[in-house]
Each structure stands twice: as C-alpha cells, then as structure tokens.
Amino acid sequence: MKLNKIAIASVLVLGATFSSCSDILDKKPLTEISGDAIWTDPSLVKSFVNSRYNQVGHGWTEAMLSSCCDETSSPWDRGCNTVNFATISPTDLGRLNGGWYGWDNRSWTTKWTNISNCNIFFENVDKVSFANATEKEQLKGQVRFLRVFEFNDLVKRWGGLPIITRSFTINDVGIIRDYKRNTYKECVDFMVSQLDSAANELPATWSGDDYGRATSVAAKALKAKILLYAASPLMNDNVKMPEIGYTNPDPDRWKKAADAATDALDAALAAGYKLYQKDADPSKNYQEIFLDNTSANTEVLFARMGTSSAEGDNLSAIEQYYGPNGYGGWGGSSPLEDFVEDYEVVKDGVAKKFDWKDFPEGTNPYENRDPRFYATVLYDGAKWASRNLETYFDVDANGTIQGGGKDTRYGNDAWNSSPTGYNLKKFLFEDYQYNSWNFKAHNWIWLRLADVYLMKAEALYHTGDEDGAREALNAVRHRAGMPDVTATGEALLDAIKHERRIELAFEEDRFYDVRRWKDAPQTLGRTVHAITIKKYPDGHKTYAKDALRTSEGGDRKWDDKMYWLPIMKSEIDKNSNLVQNPGY
C-alpha cells in the first residue's frame with residue numbers, strides 16, 4: 001500500500017499523507033517516500049515518528065483560545081463570537097475546531113489524521129529490524145504518548161469518541177460507518193492504560209538532538225491531567241449520557257487523580273525537573289519560562305517545539321499578532337480588565353484581592369501587584385522595548401476625548417489596537433522588530449511542572465488532605481514571590497482555582513477549567529470589561545472600568561450545552577451512530 005498516495009475520506013476523515021513533511025527534531029525531510037520503503041529502514045521509521053511531532057498543535061493563532069473565555073479579547077472576530085455569544089452549533093463551531101488565520105493544527109480532521117498515522121506505525125513497526133531493541137521500544141513509547149495526546153485533545157472537547165487503533169483503506173468505509181462513540185469511561189481507561197505502557201517504554205529525559213521527545217515523566221503528567229479532568233464535577237455530576245462522563249458517582253476518582261499527580265511530580269523531581277528559578281526577580285523569572293526554549297528549561301515536561309522563522313518552522317507570528325499598536329503590532333488577544341483585577345495586591349507580605357476602593361483618584365492601580373502580572377500584561381506606563389506603553393486617551397478639562405497615546409486607536413492603526421486597554425506580554429520577545437516577520441524560536445508548552453503541582457493541590461483538596469494541598473499550592477506561589485495561602489475549606493479551593501487562573505494564564509487551561517468545574521455560567525456568561533484611562537491637561541490620569549464595546553465583548557452569554565462541543569453535522573450525516581451531545 002502506497003501510504004503517501006492515500007488520503008482516506010471517511011466519517012472520521014482518517015488518512016495518511018507524507019507529502020512535504022519536515023522533521024523539526026533532526027531536520028531530515030520525509031518527502032515522497034513509499035510506504036514499503038519506510039518499513040524497511042529504521043532511519044525512515046524514525047523520520048516517520050518525527051513527523052508525528054510536527055502534527056501536534058499549539059495555541060498561538062491570531063485570536064487565542066483565551067479570547068473564547070474570560071482572559072482576553074481580540075480586535076477581530078476570528079470565530080470567537082460564536083463561542084462568546086453562545087451561537088455554537090453542529091454547523092458552526094467557530095474558533096473551537098482549529099485556529100482561524102493562524103495555523104494551530106487542532107481541527108477534528110488533523111487530529112484524526114495524526115492518530116491514523118500513529119496506528120499505521122504500530123501495524124508496521126515490528127516488520128523493521130532495529131540493531132538496538134531499546135530504540136524500537138522508545139519509538140513505540142513516543143508514538144503511544146502522541147496518540148493519546150491527540151486523542152485527549154478530541155475527548156476534552158467532544159467527550160467519548162470511537163477508540164480506533166487500526167488504519168483504514170478506501171475500501172473500509174463500511175467498517176468505519178459502523179463505529180460508535182465509546183463511553184467517556186472507556187476512553188479514559190484506554191488513555192491511562194496506554195500512558196502507563198508509554199511510561200515503561202520511555203526514558204525520563206532526553207539530551208542533545210533528542211531533546212523535545214516524549215518522556216516517561218510527560219506520560220505520567222498527561223495521565224494525571226486526564227484523571228484530574230475525569231474526577232471533576234462536569235464528568236460526575238448529573239451526567240446525561242455515558243459519552244460525556246460517569247453516570248455513577250465514585251469519590252475514589254479524586255484519589256486516583258491525586259495519586260497520579262503525586263507519582264508524576266515525584267518522577268519529575270527524581271529525574272531533575274524543577275520549577276524554573278534562574279532569576280532572583282520573580283517577575284522576570286516567570287517571563288523567562290516561556291522564552292527559554294532550551295534543554296536548560298527544567299520546568300518543561302512536553303512542548304510543541306518550533307524554530308526561528310529563518311529556519312522555516314516557527315510556530316506563529318505571535319509578536320506581530322499580539323504586540324502593541326504603537327510599535328506596529330496588531331493588538332490581538334488583549335487581556336480583559338476582569339482578568340487584570342484578579343491579580344492580587346501585595347503589601348507588607350500580605351496578599352489580598354484587588355479592590356478599586358483601595359486606589360482612589362490620583363493613585364496607580366498597577367502598583368504592588370502579584371509579580372506575575374508584570375510578566376504577563378502590558379499596561380499603561382509599562383516599559384516595553386524603547387519606551388513606556390501609552391494606552392491613555394487625551395482629554396480636555398471636561399473629560400472629552402481629544403486623541404490618545406501611541407498604543408490606542410489614535411496610534412498607528414485603529415483597526416489593530418487593543419480593545420481592552422491592555423496588551424499581551426507573556427510569550428513575547430521584547431527585541432522583535434515589528435513588521436520584519438523575523439521571529440525567534442518559540443516552544444508552546446503543553447505540560448509543565450507548575451501545572452503538576454497545582455493538579456496535585458486540587459486533587460488532594462478533594463481527598464480531604466488540605467495540608468498536602470496547601471503545600472503543593474504554595475510551592476508554586478513561592479516561586480512567584482507570593483505569600484503562602486493559609487485558607488481552609490471552600491476558601492482553599494477558591495485559592496487553588498485562583499492560582500490556576502494566574503499561573504497558567506493563556507495556556508489553554510482556563511477555557512477547560514471553568515467547564516470541568518461547572519463554573520462557566522458565572523465566569524463566562526457575564527459582562528466583560530476594558531479599562532478607559534483619561535489623561536487630563538494637567539497630566540493626572542483617571543481610570544474607569546467600562547463594559548467592552550466591541551463585537552467580541554460586552555454582555556457575553558452562556559448555554560450549558562457548550563460544556564461540550566457538538567459533533568459536526570457533516571460527520572453525523574456520514575455515520576448516524578455518532579450520537580449527538582446534549583442540547584444540539
């Protein structure tokens with residue numbers, strides 16, 4: 001069978017194409033090679049596996065997933081309106097079936113295609129004679145991890161889906177049409193079992209040119225995340241059908257999640273992973289976590305790796321997409337005022353919630369905030385590149401707007417200015433020359449150690465171990481330069497949720513967290529806000545929190561059906577066995 005010549009059209013759009021694949025790990029291309037040749041040469045098999053990494057998606061599009069929840073807003077729609085105003089349907093998934101105007105390879109089709117290629121690997125790899133049996137075992141572990149990673153990216157959006165571990169030809173359409181959705185439980189059990197096997201097949205670390213490959217620690221961390229989701233309220237409380245959760249309650253699920261997170265954390269620390277702590281300034285240190293794309297970044301457990309634009313496989317033009325208007329950036333995925341207000345104020349070693357009442361007119365509301373704020377958000381007056389950000393509006397003595405700073409709609413380009421009064425800082429290299437399209441290498445981090453600490457904290461809390469939960473939570477806060485949390489009961493759970501919002505900002509956790517917690521009605525179905533800063537002729541500034549006035553913002557809506565995505569009508573038309581999710 002000529003694998004590179006077949007593109008199988010089916011209900012799941014499974015296929016295998018190898019045209020113009022490039023390997024970002026060892027830079028050896030795999031182009032126009034017949035299937036028969038691949039499964040005779042160990043070096044080609046390795047290239048085939050490397051191509052599976054190339055198909056793993058990332059989150060950097062013009063409008064990030066953060067603009068589909070209460071983190072950011074974009075000056076352009078890019079499919080976010082469909083989500084934010086609850087008009088999602090089986091014929092329009094908006095931003096949630098892959099990125100708009102910015103490749104992230106997250107669509108239903110690309111995920112199933114990569115899963116299919118993983119299945120092809122397992123059907124053929126034992127035909128190949130490897131001089132080193134360990135190398136073959138490690139390749140199996142890598143593909144096993146990647147197959148689960150891709151499958152989980154589907155399951156956390158759609159719920160239980162067919163567990164498919166074989167490939168198909170064009171003659172198998174009838175077989176494919178008989179597939180039914182597996183239950184959520186069956187999918188979780190399958191993924192956990194596969195990750196256990198992968199953890200036994202993989203090393204804990206890689207070095208040299210192999211840095212970036214899946215490891216046993218990554219497998220354990222992904223298992224912990226899957227089990228954390230599986231224990232969450234969405235998958236356990238009043239579940240309407242077995243495809244989207246458990247129909248029988250079982251408090252032991254939190255213990256399984258806690259055990260898995262503890263195992264992952266212990267394995268990571270034993271292998272030399274640790275929270276990134278290279279700079280004494282906690283703000284700068286946090287910023288560098290997402291800029292250090294080398295093996296010296298001990299926090300990263302698994303990332304989608306990219307190269308610089310000069311090498312041809314940079315993941316995204318994020319500095320151009322998200323940079324401030326006055327520098328030539330486009331102002332995409334701009335932080336909401338609601339998000340900014342969730343950064344705590346720290347004075348005399350005590351942290352408390354932000355309150356506008358504590359900042360009367362004439363004071364700066366951006367002083368004394370959680371150090372991570374200064375590494376995540378660009379705000380009026382923040383130093384960036386050659387100057388300070390200008391997101392204020394010039395007004396006359398009566399407060400009537402007459403113009404604005406360089407980074408407002410009165411700057412370079414009204415269409416590309418931030419709609420919220422803030423710009424993104426996290427992920428961005430400050431020395432980028434805007435409009436040059438010459439980007440440094442970025443790695444999108446999918447699994448990192450801080451997340452494992454927070455998974456452990458949440459799971460332990462639900463098992464009743466509040467001391468253990470606080471210890472895990474405070475490990476992350478210590479690194480951030482924040483005071484310990486001493487809360488108990490519901491206040492401790494709120495603190496854990498808060499920490500995930502701040503520590504994991506824009507990393508595609510918030511979108512799923514508020515869903516699995518069933519907190520979406522109060523977090524997503526609400527009015528979101530921008531900041532309006534007025535600079536008066538005498539130089540003083542005022543700050544006003546206003547409802548967002550763009551097509552993407554304002555009074556956002558929520559519908560409980562959006563806890564899960566609908567199976568696309570086009571797929572159900574091909575296979576009526578794919579039962580639809582509730583509400584669609």
# chains A, B, ... in the order shown; residues from 1 in each chain; ligands from 1
$ closest_atom_pairs --of "stretch 58-77 of chain A" --to "stretch 498-515 of chain A" --cutoff "7 Å" --atoms "only C-alpha atoms" --output "CSV"
residue,atom,partner,partner_atom,distance
A:Leu65,CA,A:Glu508,CA,6.4
A:Ser66,CA,A:Phe506,CA,5.5
A:Cys69,CA,A:Phe511,CA,5.7
$ write_last_selection --atoms "all heavy atoms" --output "mmCIF file, in the first residue's frame"
data_model
loop_
_atom_site.group_PDB
_atom_site.id
_atom_site.type_symbol
_atom_site.label_atom_id
_atom_site.label_comp_id
_atom_site.auth_asym_id
_atom_site.auth_seq_id
_atom_site.Cartn_x
_atom_site.Cartn_y
_atom_site.Cartn_z
ATOM 1 N N LEU A 65 -7.275 30.841 22.161
ATOM 2 C CA LEU A 65 -8.439 30.281 22.839
ATOM 3 C C LEU A 65 -8.807 31.118 24.063
ATOM 4 O O LEU A 65 -9.953 31.108 24.513
ATOM 5 C CB LEU A 65 -8.162 28.834 23.247
ATOM 6 C CG LEU A 65 -9.358 28.000 23.701
ATOM 7 C CD1 LEU A 65 -10.394 27.884 22.593
ATOM 8 C CD2 LEU A 65 -8.905 26.615 24.148
ATOM 9 N N SER A 66 -7.852 31.868 24.573
ATOM 10 C CA SER A 66 -8.122 32.762 25.706
ATOM 11 C C SER A 66 -9.179 33.806 25.366
ATOM 12 O O SER A 66 -9.826 34.350 26.273
ATOM 13 C CB SER A 66 -6.831 33.461 26.141
ATOM 14 O OG SER A 66 -6.278 34.210 25.067
ATOM 15 N N CYS A 69 -12.828 32.804 26.335
ATOM 16 C CA CYS A 69 -13.188 32.711 27.751
ATOM 17 C C CYS A 69 -12.874 34.049 28.402
ATOM 18 O O CYS A 69 -12.726 35.058 27.707
ATOM 19 C CB CYS A 69 -12.486 31.536 28.432
ATOM 20 S SG CYS A 69 -10.684 31.655 28.509
#
$ residues_around --residues "A:Arg526" --least-positions-apart "2" --cutoff "6 Å" --atoms "only C-alpha atoms" --output "list of chain:residue names"
A:Leu524, A:Asp555, A:Arg556
$ write_last_selection --atoms "all heavy atoms" --output "PDB file, in the first residue's frame"
ATOM      1  N   LEU A 524     -18.092  32.853  32.447  1.00  0.00           N
ATOM      2  CA  LEU A 524     -18.155  33.125  31.017  1.00  0.00           C
ATOM      3  C   LEU A 524     -19.442  33.833  30.612  1.00  0.00           C
ATOM      4  O   LEU A 524     -19.445  34.621  29.661  1.00  0.00           O
ATOM      5  CB  LEU A 524     -18.005  31.822  30.227  1.00  0.00           C
ATOM      6  CG  LEU A 524     -16.761  30.982  30.536  1.00  0.00           C
ATOM      7  CD1 LEU A 524     -16.665  29.808  29.581  1.00  0.00           C
ATOM      8  CD2 LEU A 524     -15.492  31.827  30.473  1.00  0.00           C
ATOM      9  N   ASP A 555     -21.697  41.983  26.841  1.00  0.00           N
ATOM     10  CA  ASP A 555     -22.534  41.027  27.554  1.00  0.00           C
ATOM     11  C   ASP A 555     -22.433  39.641  26.931  1.00  0.00           C
ATOM     12  O   ASP A 555     -23.223  39.275  26.056  1.00  0.00           O
ATOM     13  CB  ASP A 555     -23.991  41.503  27.555  1.00  0.00           C
ATOM     14  CG  ASP A 555     -24.155  42.824  28.284  1.00  0.00           C
ATOM     15  OD1 ASP A 555     -23.461  43.012  29.297  1.00  0.00           O
ATOM     16  OD2 ASP A 555     -24.950  43.657  27.829  1.00  0.00           O
ATOM     17  N   ARG A 556     -21.466  38.910  27.397  1.00  0.00           N
ATOM     18  CA  ARG A 556     -21.278  37.557  26.860  1.00  0.00           C
ATOM     19  C   ARG A 556     -22.345  36.619  27.415  1.00  0.00           C
ATOM     20  O   ARG A 556     -22.925  36.863  28.464  1.00  0.00           O
ATOM     21  CB  ARG A 556     -19.872  37.051  27.199  1.00  0.00           C
ATOM     22  CG  ARG A 556     -18.789  37.848  26.469  1.00  0.00           C
ATOM     23  CD  ARG A 556     -17.414  37.278  26.694  1.00  0.00           C
ATOM     24  NE  ARG A 556     -16.415  37.979  25.889  1.00  0.00           N
ATOM     25  CZ  ARG A 556     -15.112  37.716  25.917  1.00  0.00           C
ATOM     26  NH1 ARG A 556     -14.653  36.767  26.733  1.00  0.00           N
ATOM     27  NH2 ARG A 556     -14.267  38.383  25.163  1.00  0.00           N
TER      28      ARG A 556
END
$ atom_distance --atom1 "atom CA of A:Arg52" --atom2 "atom CA of A:Ile115"
8.8 Å
$ closest_residue --among "A:Ala280, A:Ile244, A:Ala268, A:Ile170" --to "A:Lys185" --atoms "only C-alpha atoms"
A:Ile244
$ select_by_dssp --residues "stretch 31-95 of chain A" --states "helix (DSSP H, G or I)" --output "list in words"
Gly35, Asp36, Ala37, Ile38, Pro42, Ser43, Leu44, Val45, Lys46, Ser47, Phe48, Val49, Asn50, Ser51, Arg52, Tyr53, Asn54, Leu65, Ser66, Ser67, Cys68, Cys80, Asn81, Thr82, Val83, Asn84, Gly94 and Arg95 of chain A
$ closest_residue --among "A:Ser207, A:Asn119, A:Thr91, A:Ser197" --to "A:Thr165" --atoms "only C-alpha atoms"
A:Asn119
$ select_by_dssp --residues "stretch 447-548 of chain A" --states "strand (DSSP E or B)" --output "ChimeraX atom specification"
/A:447-448,527,529-535,541-547
$ residues_around --residues "A:Thr87" --least-positions-apart "4" --cutoff "10 Å" --atoms "only C-alpha atoms" --output "PyMOL selection string"
chain A and resi 81-83+92-94+557-559+562
$ closest_residue --among "A:Asn398, A:Ser316, A:Gln287, A:Thr532" --to "A:Tyr379" --atoms "only C-alpha atoms"
A:Thr532
$ closest_residue --among "A:Asp36, A:Asp279, A:Val188, A:Val300" --to "A:Asp451" --atoms "only C-alpha atoms"
A:Val300
